[in-house]
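Student: My structure is in data11.txt, and what it holds is compact mmCIF, C-alpha atoms:
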# COMPACT_ATOMS: atom_id res chain seq x y z
CA MET A 132 -36.10 75.69 -35.29
CA VAL A 133 -38.63 73.65 -33.31
CA ASP A 134 -41.80 75.50 -32.33
CA LEU A 135 -42.44 76.67 -28.79
CA LEU A 136 -45.49 74.94 -27.34
CA LYS A 137 -48.15 76.89 -25.44
CA THR A 138 -48.17 76.15 -21.69
CA PRO A 139 -50.70 77.04 -18.95
CA ALA A 140 -50.48 80.65 -17.76
CA ALA A 141 -49.97 79.47 -14.17
CA TRP A 142 -46.72 77.71 -15.03
CA PRO A 143 -43.59 79.74 -14.18
CA THR A 144 -41.14 80.92 -16.82
CA ILE A 145 -37.52 80.68 -15.72
CA LEU A 146 -35.41 79.35 -18.59
CA LEU A 147 -37.39 81.04 -21.36
CA GLU A 148 -37.89 84.37 -19.59
CA ARG A 149 -36.18 86.27 -22.44
CA ALA A 150 -36.73 83.74 -25.23
CA SER A 151 -39.07 86.04 -27.17
CA ALA A 152 -36.50 88.83 -27.62
CA PRO A 153 -36.28 89.98 -31.28
CA ASP A 154 -32.47 89.88 -31.18
CA PRO A 155 -31.08 87.51 -28.51
CA THR A 156 -27.58 89.01 -28.90
CA ASP A 157 -28.71 92.59 -28.17
CA LEU A 158 -26.90 93.25 -24.88
CA ASP A 159 -28.68 96.53 -24.14
CA ALA A 160 -32.09 94.87 -24.41
CA ALA A 161 -30.92 91.90 -22.39
CA THR A 162 -29.53 94.04 -19.56
CA ARG A 163 -32.76 96.06 -19.43
CA ALA A 164 -34.50 92.70 -18.94
CA GLY A 165 -32.16 91.76 -16.09
CA ALA A 166 -29.14 90.13 -17.73
CA PHE A 167 -25.98 90.22 -15.57
CA ASP A 168 -27.80 91.68 -12.56
CA ALA A 169 -27.27 88.34 -10.83
CA LEU A 170 -23.55 88.24 -11.62
CA ARG A 171 -23.16 91.76 -10.27
CA ARG A 172 -25.00 90.81 -7.10
CA VAL A 173 -22.97 87.63 -6.61
CA ILE A 174 -19.65 89.46 -6.97
CA ARG A 175 -20.47 92.59 -4.98
CA ASN A 176 -22.88 91.32 -2.32
CA PHE A 177 -22.62 87.58 -1.86
CA GLY A 178 -19.09 86.33 -2.49
CA ALA A 179 -18.16 82.79 -3.47
CA THR A 180 -19.00 81.03 -0.19
CA ALA A 181 -22.45 82.58 0.18
CA THR A 182 -23.24 81.89 -3.47
CA ILE A 183 -22.48 78.19 -3.06
CA ALA A 184 -24.51 78.11 0.16
CA MET A 185 -27.48 79.71 -1.61
CA ILE A 186 -27.47 77.25 -4.50
CA SER A 187 -27.10 74.38 -2.05
CA GLY A 188 -30.01 75.70 -0.01
CA VAL A 189 -32.40 75.93 -2.96
CA GLY A 190 -31.57 72.37 -4.01
CA LEU A 191 -30.78 73.04 -7.67
CA ARG A 192 -30.18 69.75 -9.49
CA GLY A 193 -28.37 69.27 -12.77
CA ARG A 194 -30.63 69.32 -15.81
CA GLY A 195 -28.43 66.99 -17.85
CA GLY A 196 -30.49 63.95 -16.90
CA ALA A 197 -28.81 62.60 -13.76
CA GLY A 198 -30.19 65.27 -11.42
CA PHE A 199 -27.00 65.55 -9.35
CA PRO A 200 -27.00 68.45 -6.83
CA ALA A 201 -25.22 71.38 -8.49
CA ALA A 202 -23.68 72.85 -5.34
CA ALA A 203 -22.03 69.54 -4.43
CA LYS A 204 -19.88 69.82 -7.56
CA TRP A 205 -19.04 73.44 -6.75
CA ARG A 206 -17.89 72.62 -3.22
CA LEU A 207 -15.70 69.75 -4.35
CA ALA A 208 -14.09 71.74 -7.17
CA GLY A 209 -13.60 74.84 -5.04
CA SER A 210 -12.02 72.93 -2.16
CA THR A 211 -9.66 70.85 -4.30
CA ASP A 212 -6.17 72.31 -4.30
CA ALA A 213 -5.14 73.10 -7.88
CA ALA A 214 -3.28 75.63 -9.98
CA ARG A 215 -6.45 76.41 -11.95
CA ARG A 216 -10.06 75.32 -12.31
CA TYR A 217 -12.50 75.09 -15.21
CA VAL A 218 -16.22 75.35 -15.90
CA VAL A 219 -17.54 73.35 -18.85
CA VAL A 220 -21.09 73.89 -20.11
CA ASN A 221 -22.30 70.88 -22.06
CA GLY A 222 -24.39 72.29 -24.89
CA TYR A 223 -23.60 69.45 -27.28
CA GLY A 224 -27.14 68.09 -27.28
CA ALA A 225 -26.20 64.48 -27.93
CA ASP A 226 -29.71 63.30 -28.82
CA PRO A 227 -29.95 63.99 -32.57
CA ALA A 228 -33.74 64.35 -32.41
CA THR A 229 -33.93 66.79 -29.48
CA ALA A 230 -33.12 70.51 -29.66
CA THR A 231 -33.89 71.79 -26.15
CA ASP A 232 -30.34 72.88 -25.34
CA ARG A 233 -29.75 74.36 -28.78
CA PHE A 234 -33.04 76.28 -28.52
CA LEU A 235 -31.90 77.87 -25.26
CA LEU A 236 -28.43 78.68 -26.62
CA GLU A 237 -29.96 80.44 -29.61
CA ARG A 238 -32.78 82.24 -27.80
CA ASP A 239 -30.94 83.45 -24.67
CA PRO A 240 -27.14 83.16 -24.92
CA TYR A 241 -26.66 85.74 -22.16
CA ALA A 242 -28.40 83.53 -19.58
CA VAL A 243 -25.92 80.75 -20.37
CA ILE A 244 -22.91 83.09 -20.34
CA GLU A 245 -23.97 84.74 -17.08
CA GLY A 246 -24.68 81.39 -15.44
CA ALA A 247 -21.27 80.04 -16.47
CA ALA A 248 -19.63 83.19 -15.08
CA ILE A 249 -21.44 82.73 -11.75
CA VAL A 250 -20.16 79.16 -11.45
CA ALA A 251 -16.64 80.27 -12.38
CA PHE A 252 -16.67 82.98 -9.72
CA ALA A 253 -18.04 80.61 -7.07
CA ILE A 254 -15.34 77.96 -7.56
CA GLY A 255 -12.46 80.29 -8.38
CA ALA A 256 -12.17 79.35 -12.06
CA SER A 257 -10.79 81.77 -14.61
CA GLU A 258 -12.07 79.96 -17.71
CA ALA A 259 -15.48 78.71 -18.77
CA ILE A 260 -15.97 76.69 -21.94
CA ILE A 261 -19.31 76.28 -23.69
CA ALA A 262 -19.21 73.10 -25.81
CA VAL A 263 -21.58 73.17 -28.78
CA ARG A 264 -22.18 70.84 -31.72
CA ALA A 265 -20.03 71.90 -34.66
CA ASP A 266 -23.08 71.93 -36.92
CA ALA A 267 -25.07 74.27 -34.62
CA ILE A 268 -23.99 77.28 -36.66
CA ALA A 269 -26.68 79.69 -35.44
CA ALA A 270 -25.96 78.88 -31.79
CA ILE A 271 -22.19 79.26 -32.26
CA ARG A 272 -22.49 82.61 -34.04
CA GLY A 273 -24.96 83.92 -31.48
CA LEU A 274 -22.77 82.87 -28.55
CA GLU A 275 -19.65 84.38 -30.09
CA ALA A 276 -21.44 87.67 -30.70
CA ALA A 277 -22.88 87.68 -27.17
CA ILE A 278 -19.51 86.85 -25.59
CA GLY A 279 -17.86 89.69 -27.52
CA ALA A 280 -20.50 92.18 -26.35
CA ALA A 281 -20.29 90.96 -22.75
CA GLU A 282 -16.49 91.29 -22.75
CA GLU A 283 -16.66 94.81 -24.14
CA ALA A 284 -19.12 95.76 -21.39
CA GLY A 285 -16.88 94.27 -18.69
CA PHE A 286 -19.21 91.48 -17.60
CA ILE A 287 -16.59 88.85 -18.46
CA GLY A 288 -12.92 88.99 -19.34
CA PHE A 289 -10.29 90.97 -17.41
CA ASP A 290 -11.15 92.32 -13.93
CA VAL A 291 -14.85 91.45 -14.12
CA LEU A 292 -16.98 94.29 -12.72
CA GLY A 293 -13.93 95.63 -10.90
CA SER A 294 -13.68 92.51 -8.73
CA GLY A 295 -10.08 91.68 -9.61
CA HIS A 296 -11.31 88.33 -10.92
CA ASP A 297 -10.44 87.44 -14.52
CA MET A 298 -12.94 85.20 -16.26
CA THR A 299 -12.89 84.21 -19.92
CA VAL A 300 -15.80 82.47 -21.63
CA THR A 301 -15.15 80.69 -24.92
CA VAL A 302 -17.20 78.62 -27.36
CA ARG A 303 -15.77 75.27 -28.42
CA PRO A 304 -17.45 73.56 -31.37
CA VAL A 305 -17.10 69.80 -30.92
CA GLN A 306 -17.85 66.97 -33.27
CA GLY A 307 -18.47 63.44 -32.21
CA ALA A 308 -21.13 60.92 -31.31
CA TYR A 309 -23.96 60.36 -28.85
CA MET A 310 -21.36 59.49 -26.20
CA LEU A 311 -20.45 63.18 -25.80
CA GLY A 312 -23.45 63.55 -23.54
CA GLU A 313 -21.36 61.79 -20.86
CA GLU A 314 -19.24 64.35 -19.03
CA THR A 315 -15.92 62.51 -18.96
CA VAL A 316 -16.25 61.75 -22.69
CA LEU A 317 -16.85 65.43 -23.42
CA LEU A 318 -13.77 66.41 -21.42
CA LYS A 319 -11.64 63.97 -23.43
CA ALA A 320 -12.99 65.46 -26.65
CA LEU A 321 -12.13 68.98 -25.46
CA GLU A 322 -8.58 67.77 -24.81
CA GLY A 323 -8.37 66.42 -28.36
CA LYS A 324 -8.36 62.81 -27.21
CA ARG A 325 -10.48 59.81 -28.08
CA GLY A 326 -14.00 60.25 -26.68
CA GLN A 327 -14.22 57.46 -24.13
CA PRO A 328 -15.45 57.52 -20.52
CA GLU A 329 -13.17 57.42 -17.50
CA GLN A 330 -13.53 55.45 -14.30
CA ARG A 331 -15.02 57.49 -11.46
CA PRO A 332 -13.89 58.40 -8.84
CA PRO A 333 -12.01 60.66 -9.15
CA TYR A 334 -14.83 62.82 -10.39
CA PRO A 335 -14.33 65.71 -12.83
CA ALA A 336 -14.88 68.17 -9.97
CA GLU A 337 -11.64 66.78 -8.49
CA ARG A 338 -9.73 65.93 -11.66
CA GLY A 339 -11.31 66.84 -14.93
CA LEU A 340 -10.18 68.93 -17.90
CA PHE A 341 -6.38 68.71 -18.17
CA ASP A 342 -6.44 66.94 -14.78
CA MET A 343 -7.73 70.10 -13.09
CA PRO A 344 -10.92 70.48 -11.02
CA THR A 345 -13.79 70.98 -13.47
CA VAL A 346 -17.47 71.62 -12.95
CA VAL A 347 -19.48 70.21 -15.86
CA HIS A 348 -23.05 71.45 -16.15
CA ASN A 349 -25.81 71.21 -18.70
CA VAL A 350 -26.88 74.41 -20.52
CA GLN A 351 -30.18 74.54 -18.63
CA THR A 352 -28.47 74.18 -15.25
CA VAL A 353 -26.31 77.29 -15.67
CA ALA A 354 -29.10 79.26 -17.37
CA THR A 355 -31.25 78.75 -14.25
CA LEU A 356 -28.69 80.39 -11.93
CA PRO A 357 -29.27 84.08 -12.84
CA TRP A 358 -33.01 83.71 -12.21
CA ILE A 359 -32.41 82.13 -8.79
CA VAL A 360 -30.09 84.96 -7.70
CA ARG A 361 -32.42 87.69 -9.00
CA HIS A 362 -35.70 86.30 -7.67
CA GLY A 363 -34.47 84.57 -4.53
CA ALA A 364 -34.51 81.11 -3.00
CA GLU A 365 -38.15 81.22 -1.92
CA ALA A 366 -39.43 81.99 -5.43
CA PHE A 367 -37.39 79.14 -6.88
CA ALA A 368 -38.48 76.70 -4.16
CA ALA A 369 -42.10 77.54 -4.97
CA THR A 370 -41.72 75.90 -8.40
CA GLY A 371 -41.35 72.21 -9.13
CA THR A 372 -41.24 69.85 -6.13
CA PRO A 373 -39.47 70.01 -2.76
CA ASP A 374 -36.84 67.50 -3.94
CA SER A 375 -36.59 68.89 -7.48
CA PRO A 376 -37.42 72.60 -7.57
CA GLY A 377 -37.54 74.61 -10.76
CA THR A 378 -38.39 73.94 -14.38
CA ILE A 379 -36.89 72.01 -17.27
CA LEU A 380 -37.22 72.11 -21.06
CA VAL A 381 -39.06 69.20 -22.66
CA GLN A 382 -39.47 68.39 -26.34
CA VAL A 383 -42.79 66.65 -26.93
CA ARG A 384 -43.19 64.70 -30.16
CA THR A 385 -46.33 63.05 -31.53
CA PRO A 386 -47.00 61.60 -35.02
CA ARG A 387 -48.15 65.09 -36.06
CA GLY A 388 -45.00 66.99 -35.09
CA ASP A 389 -43.08 68.27 -32.11
CA GLY A 390 -42.34 71.34 -30.03
CA ILE A 391 -40.51 72.56 -26.93
CA ALA A 392 -42.05 73.62 -23.63
CA GLU A 393 -40.80 74.74 -20.22
CA VAL A 394 -42.30 72.40 -17.64
CA PRO A 395 -42.21 72.53 -13.82
CA LEU A 396 -40.51 69.42 -12.46
CA GLY A 397 -43.03 67.06 -10.93
CA THR A 398 -45.71 67.81 -13.54
CA PRO A 399 -47.71 64.65 -14.32
CA LEU A 400 -46.55 63.05 -17.55
CA ARG A 401 -50.15 63.28 -18.75
CA ASN A 402 -49.98 67.09 -18.68
CA VAL A 403 -46.64 67.08 -20.48
CA VAL A 404 -48.00 64.87 -23.26
CA ALA A 405 -51.08 67.11 -23.54
CA LEU A 406 -48.84 70.01 -24.61
CA GLY A 407 -48.02 68.22 -27.86
CA ARG A 408 -50.03 68.08 -31.03
CA LYS A 409 -53.12 65.89 -30.94
CA LEU A 410 -52.98 62.37 -32.31
CA PRO A 411 -54.57 61.66 -35.70
CA ALA A 412 -58.30 61.03 -35.53
CA GLY A 413 -59.19 57.60 -34.24
CA ARG A 414 -55.73 56.88 -32.81
CA THR A 415 -54.89 56.15 -29.19
CA ILE A 416 -51.68 56.30 -27.18
CA LYS A 417 -49.86 52.98 -27.07
CA ALA A 418 -46.51 53.94 -25.52
CA ILE A 419 -44.57 57.01 -24.38
CA LEU A 420 -40.81 57.02 -24.87
CA VAL A 421 -39.31 59.15 -22.10
CA GLY A 422 -35.62 60.05 -22.10
CA GLY A 423 -34.45 59.85 -25.71
CA PRO A 424 -32.84 56.88 -27.49
CA SER A 425 -31.79 55.31 -24.18
CA GLY A 426 -35.11 56.06 -22.52
CA GLY A 427 -37.91 53.85 -21.30
CA LEU A 428 -41.16 52.86 -22.98
CA LEU A 429 -44.05 53.55 -20.62
CA PRO A 430 -47.69 52.47 -21.06
CA PRO A 431 -50.67 54.89 -20.96
CA ASP A 432 -51.65 53.78 -17.45
CA LEU A 433 -48.45 55.43 -16.15
CA LEU A 434 -49.37 58.87 -17.50
CA ASP A 435 -49.85 60.12 -13.94
CA THR A 436 -46.15 59.54 -13.21
CA PRO A 437 -44.51 62.85 -12.19
CA TYR A 438 -41.99 64.15 -14.70
CA ASP A 439 -39.18 64.09 -12.15
CA PHE A 440 -35.89 62.28 -11.66
CA GLU A 441 -36.74 59.58 -9.11
CA PRO A 442 -40.33 58.79 -10.18
CA LEU A 443 -39.26 58.27 -13.79
CA ARG A 444 -36.35 56.06 -12.76
CA ALA A 445 -38.69 53.97 -10.62
CA ALA A 446 -40.99 53.57 -13.62
CA GLY A 447 -38.14 52.39 -15.86
CA ALA A 448 -37.38 55.61 -17.74
CA HIS A 449 -35.36 58.79 -17.08
CA ILE A 450 -35.34 62.47 -17.98
CA GLY A 451 -32.29 62.05 -20.22
CA SER A 452 -32.32 64.47 -23.14
CA GLY A 453 -35.71 65.91 -22.20
CA SER A 454 -37.47 64.05 -24.99
CA VAL A 455 -41.04 62.73 -24.69
CA VAL A 456 -42.20 60.79 -27.76
CA VAL A 457 -45.80 59.61 -28.04
CA ALA A 458 -46.36 56.46 -30.11
CA ASP A 459 -49.90 55.62 -31.16
CA ASP A 460 -51.53 52.21 -31.64
CA ARG A 461 -49.89 51.74 -35.04
CA ALA A 462 -46.45 51.31 -33.42
CA CYS A 463 -44.81 48.01 -32.51
CA THR A 464 -43.01 48.27 -29.18
CA VAL A 465 -40.72 45.35 -30.06
CA ASP A 466 -39.58 47.02 -33.25
CA LEU A 467 -39.27 50.42 -31.53
CA ALA A 468 -37.16 48.98 -28.70
CA ARG A 469 -34.99 47.18 -31.24
CA LEU A 470 -34.31 50.36 -33.23
CA LEU A 471 -33.47 52.35 -30.09
CA THR A 472 -31.14 49.63 -28.81
CA ARG A 473 -29.40 49.41 -32.17
CA PHE A 474 -28.83 53.17 -32.21
CA CYS A 475 -27.31 53.11 -28.71
CA ALA A 476 -25.15 50.09 -29.52
CA ASN A 477 -23.87 51.73 -32.71
CA GLU A 478 -23.04 54.91 -30.79
CA ALA A 479 -21.22 53.07 -27.99
CA CYS A 480 -17.46 53.66 -27.78
CA GLY A 481 -16.64 49.99 -27.07
CA LYS A 482 -14.17 50.64 -24.27
CA THR A 483 -15.46 47.82 -22.07
CA ILE A 484 -16.80 44.34 -22.81
CA PRO A 485 -20.36 45.14 -21.64
CA CYS A 486 -20.29 48.11 -24.01
CA ARG A 487 -18.51 46.50 -26.95
CA ILE A 488 -20.13 43.06 -26.85
CA GLY A 489 -23.06 43.16 -24.42
CA THR A 490 -25.01 45.91 -26.17
CA ARG A 491 -24.44 44.24 -29.55
CA ARG A 492 -25.83 40.95 -28.19
CA LEU A 493 -28.96 42.82 -27.08
CA VAL A 494 -29.49 43.99 -30.65
CA GLU A 495 -28.96 40.50 -32.04
CA ILE A 496 -31.58 39.04 -29.71
CA ALA A 497 -34.05 41.79 -30.61
CA ASP A 498 -33.40 41.19 -34.31
CA ARG A 499 -34.14 37.49 -33.89
CA VAL A 500 -37.45 38.23 -32.19
CA ALA A 501 -38.60 40.81 -34.74
CA ASP A 502 -37.51 38.74 -37.74
CA GLY A 503 -39.33 35.57 -36.64
CA ARG A 504 -36.25 33.60 -35.56
CA PRO A 505 -36.71 33.68 -31.78
CA ARG A 506 -35.61 31.17 -29.21
CA PRO A 507 -37.82 30.28 -26.24
CA THR A 508 -35.05 31.40 -23.89
CA ASP A 509 -34.72 34.89 -25.42
CA PRO A 510 -36.80 36.78 -22.80
CA GLN A 511 -34.77 35.35 -19.94
CA LEU A 512 -31.56 35.95 -21.88
CA LEU A 513 -32.54 39.60 -22.39
CA GLU A 514 -33.20 40.02 -18.67
CA ASP A 515 -29.96 38.34 -17.60
CA LEU A 516 -27.80 40.16 -20.14
CA SER A 517 -29.36 43.52 -19.27
CA ALA A 518 -28.70 42.92 -15.57
CA ASP A 519 -25.06 42.04 -16.30
CA ILE A 520 -24.55 45.20 -18.38
CA VAL A 521 -26.10 47.41 -15.71
CA ALA A 522 -23.98 45.80 -12.98
CA SER A 523 -20.65 45.93 -14.83
CA GLY A 524 -20.91 48.93 -17.17
CA LEU A 525 -18.34 51.71 -16.94
CA CYS A 526 -20.68 54.58 -17.81
CA ASP A 527 -24.37 55.36 -17.98
CA HIS A 528 -24.47 55.02 -21.75
CA GLU A 529 -24.08 51.25 -21.70
CA ARG A 530 -26.26 50.88 -18.61
CA LEU A 531 -29.09 52.96 -20.08
CA THR A 532 -28.86 51.14 -23.42
CA THR A 533 -30.75 48.31 -21.72
CA LEU A 534 -33.78 50.49 -20.89
CA PRO A 535 -35.80 50.32 -24.14
CA LEU A 536 -35.88 46.51 -24.17
CA ALA A 537 -36.14 46.18 -20.40
CA SER A 538 -39.09 48.56 -20.18
CA GLY A 539 -40.64 46.97 -23.26
CA MET A 540 -40.56 43.55 -21.59
CA ARG A 541 -41.88 45.01 -18.35
CA TYR A 542 -44.92 46.76 -19.79
CA PHE A 543 -45.54 45.22 -23.22
CA ARG A 544 -44.72 41.58 -22.58
CA SER A 545 -47.80 40.31 -24.43
CA GLU A 546 -46.58 41.89 -27.65
CA LEU A 547 -43.14 40.35 -27.16
CA ASP A 548 -44.74 36.94 -26.56
CA GLU A 549 -46.76 37.28 -29.76
CA HIS A 550 -43.50 37.69 -31.68
CA ILE A 551 -41.78 34.79 -29.91
CA LEU A 552 -44.53 32.22 -29.53
CA ARG A 553 -46.53 32.87 -32.70
CA SER A 554 -44.07 34.73 -34.94
CA ALA A 555 -46.71 37.44 -35.29
CA CYS A 556 -46.59 41.23 -34.98
CA PRO A 557 -49.95 42.50 -33.65
CA ALA A 558 -49.23 45.99 -35.02
CA GLY A 559 -48.35 44.66 -38.46
CA VAL A 560 -45.02 46.49 -38.44
CA CYS A 561 -42.66 43.51 -38.32
CA HIS A 562 -42.88 40.83 -40.98
CA PRO A 563 -41.49 37.79 -39.22
CA ILE A 564 -40.70 34.60 -41.02
CA ALA A 565 -43.57 32.14 -40.87
CA VAL A 566 -42.62 29.23 -38.64
CA ALA A 567 -44.58 26.02 -38.30
CA ALA A 568 -45.94 25.28 -34.83
CA GLY A 569 -43.44 23.42 -32.68
CA ALA A 570 -40.54 24.13 -35.05
CA ILE A 571 -38.78 26.65 -32.78
CA ARG A 572 -35.76 25.13 -31.07
How does this structure look as structure tokens?
Tutor:
Amino acid sequence: MVDLLKTPAAWPTILLERASAPDPTDLDAATRAGAFDALRRVIRNFGATATIAMISGVGLRGRGGAGFPAAAKWRLAGSTDAARRYVVVNGYGADPATATDRFLLERDPYAVIEGAAIVAFAIGASEAIIAVRADAIAAIRGLEAAIGAAEEAGFIGFDVLGSGHDMTVTVRPVQGAYMLGEETVLLKALEGKRGQPEQRPPYPAERGLFDMPTVVHNVQTVATLPWIVRHGAEAFAATGTPDSPGTILVQVRTPRGDGIAEVPLGTPLRNVVALGRKLPAGRTIKAILVGGPSGGLLPPDLLDTPYDFEPLRAAGAHIGSGSVVVADDRACTVDLARLLTRFCANEACGKTIPCRIGTRRLVEIADRVADGRPRPTDPQLLEDLSADIVASGLCDHERLTTLPLASGMRYFRSELDEHILRSACPAGVCHPIAVAAGAIR
């Protein structure tokens, strides 16, 4: 398990409030610490309509990377006429190098279960599914044990807390690729179908799992709900920023290791990076990869960028999987962007031409540049092809695949030009073919 990084005492603790419990599946200890108080309050005092209004009022945004308002999904799903509705919690954790969601599932399964139950009650769903990677054995076993204890205590299952509302919560191990981070792909996988994205609209909240209204949330989104109900809207609004209240889990990685921290949204990227382990002596920051494999490469002079949805997008990155990777001066941004693009292209489902062919062409161009076989038109070709993929892509996976190279050209163009014009890698990482001056055609 990844270590928990030390954060300033003034920072609020919402998601990791019970993360230090000796036994995360101990229901008695969890209830003494407040578990299921929020569900009880929602059912007995608020009701579905008031619960949705409260979450809408506090401005909770999805923690899965897109930052979509949570209550908007609830309203759409709850108002769509259907025989049944579903809640799906995406705990797959598609980024193979990031464990934020798995950490939360293992350290506080009751927060996830209670949050899923609150969503189910609010939209009138009788079934909530927590999707977890099939190889996350500890998380699966912990969730199953916690669900069993919660059912026995009457917090979920038949006639929840005497409300007359039946609500089952189940764990579904799923196995697949990076694409499962996209909600429509995950729903197809849960149906036993090929994991490929669907055209939207209609959105899953209207027609999702088995063509029924489905609210799909990230693990951190639902785990935030019990805290909001218990502590109130004002306490939640006091954290983060006015447009993005609350906290989010971030995994900070440097050449000396990595760890997970709970960070208020809007925190300067500089302060997030400072939580990680120090760089080796004599080394300086060259680039910060924000957002995982499909994230953006940002230069050190953007370290004051707020770690928030819109500011990061404007800078050419995104929150994504919650990964922040610090590369020191030994790294080559051209080679790093090439490796990230290749990973995303290999993980693409290939349903559309921009996905199947466009992303592969990006990799081929990057390979040419790094191997010393560039063409003078390659930078313009990268820009044009990236713009075409973004404009015509079916899902965010293919659109975001362009980010590593696009941000690399935007902020580290001189290093790209060294590879193209002089067949040289300033960092000494790439070993391009020596080409005589004027021989490039």
Student: Could you give me the axis-aligned bounding box of segment 275-280 of chain A, with 4 Å of padding per side, as centre plus edge lengths in Å to one decimal, as JSON?
Tutor:
{"center_x": -20.4, "center_y": 88.3, "center_z": -28.1, "size_x": 13.0, "size_y": 15.8, "size_z": 13.1}
Student: Can you pull out the residues contacting Phe177 of chain A? Cut-off 12 Å, using only C-alpha atoms, and skip same-chain residues under 6 positions away; I want them as a list in words.
Tutor: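 Near Phe177 of chain A, the qualifying residues are Ala169, Leu170, Arg171, Ile183, Ala184, Met185, Ile186, Ile249, Phe252, Ala253 and Val360 of chain A.
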Student: Do you know which residues are at most 7 Å from Gly397 of chain A counting all atoms listed in the file, after dropping those on the same chain fewer than 2 positions away, and could you put them as a ChimeraX atom specification?
Tutor: /A:371-372,395,399,437-439
Student: With only C-alpha atoms as the basis for distance, which of A:Asn477, A:Gln330, A:Thr301, A:Ser375 is at the shortest distance from Val220 of chain A?
Tutor: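 Among A:Asn477, A:Gln330, A:Thr301, A:Ser375, it is A:Thr301 that comes nearest to Val220 of chain A.
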Student: When you look at Ala320 of chain A with a cut-off of 9 Å (counting only C-alpha atoms), what residues show up, excluding the ones that are within fewer than 5 positions of it in the same chain? I need them as a VMD selection string.
Tutor: chain A and resid 305 to 307 311 315 325 to 327
Student: Considering all atoms listed in the file, state which residue in the set A:Ala265, A:Ala364, A:Ile244, A:Leu429 is at the smallest distance from Arg401 of chain A.
Tutor: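 Of A:Ala265, A:Ala364, A:Ile244, A:Leu429, the one nearest Arg401 of chain A is A:Leu429, counting all atoms listed in the file.
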Student: Write out as a list in words each polymer residue whose atoms come within 10 Å of Leu470 of chain A, counting all atoms listed in the file; drop sequence neighbours fewer than 4 positions from it.
Tutor: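 Final neighbour list, sorted by chain and number: Pro424, Thr464, Val465, Asp466, Phe474, Cys475, Ala476, Val494, Ala497, Asp498, Pro535 and Leu536 of chain A.
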Student: Which is closer to Val350 of chain A than all the others in A:Trp142, A:Phe543, A:Tyr217, A:Phe234, using only C-alpha atoms?
Tutor: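 Of A:Trp142, A:Phe543, A:Tyr217, A:Phe234, the one nearest Val350 of chain A, counting only C-alpha atoms, is A:Phe234.
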Student: In Å to one decimal, how far is atom CA of Glu329 of chain A from atom CA of Tyr309 of chain A?
Tutor: 15.9 Å
Student: Could you list, as a VMD selection string, every residue within 12 Å of Leu434 of chain A, counting all atoms listed in the file and ignoring same-chain residues fewer than 2 positions away?
Tutor: chain A and resid 398 to 405 416 to 421 428 to 432 436 to 438 442 to 443 446 455 457
Student: Contacts between segment 188-196 of chain A and segment 264-322 of chain A, please, where a residue of segment 264-322 of chain A counts if it comes within 12 Å (with only C-alpha atoms); show its shortest atom pair and distance in Å to one decimal, rows by chain and ascending number, as CSV.
Tutor:
residue,atom,partner,partner_atom,distance
A:Leu311,CA,A:Gly195,CA,11.9
A:Gly312,CA,A:Gly195,CA,8.3
A:Glu313,CA,A:Gly195,CA,9.3
A:Glu314,CA,A:Gly195,CA,9.6
Student: Enter the distance from atom CA of Glu393 of chain A to atom CA of Ser425 of chain A, in Å, rounded to one decimal.
Tutor: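 Computing it gives 21.8 Å between the two atoms.
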Student: Could you check which of A:Thr299, A:Asn176, A:Gln351, A:Thr370 is closest to Gly246 of chain A, using only C-alpha atoms?
Tutor: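 Using only C-alpha atoms, Gly246 of chain A sits closest to A:Gln351.
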Student: Show me as a PyMOL selection string the residues that reach within 10 Å of (-17.5, 87.4, -23.8), counting all atoms listed in the file and using the file's own coordinates.
Tutor: chain A and resi 241+244-245+248+274-288+298-302
Student: Could you please determine the separation between atom CA of Thr532 of chain A and atom CA of Leu513 of chain A in Å, to one decimal place?
Tutor: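 Pair atom CA of Thr532 of chain A / atom CA of Leu513 of chain A returns 12.2 Å.
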Student: Using only C-alpha atoms, which of the listed residues (A:Arg238, A:Gly209, A:Asp459, A:Arg544) sits closest to Ser151 of chain A?
Tutor: A:Arg238
Student: Write out as a tab-separated table the residues of segment 376-473 of chain A that have any atom within 12 Å of an atom of segment 523-529 of chain A, one row each with the nearest atom pair and its distance in Å to one decimal, counting only C-alpha atoms, sorted by chain and then rising number.
Tutor:
residue	atom	partner	partner_atom	distance
A:Gly423	CA	A:His528	CA	11.8
A:Pro424	CA	A:His528	CA	10.3
A:Ser425	CA	A:His528	CA	7.7
A:Gly426	CA	A:His528	CA	10.7
A:His449	CA	A:Asp527	CA	11.5
A:Gly451	CA	A:Asp527	CA	10.6
A:Thr472	CA	A:Glu529	CA	10.1
A:Arg473	CA	A:Glu529	CA	11.9
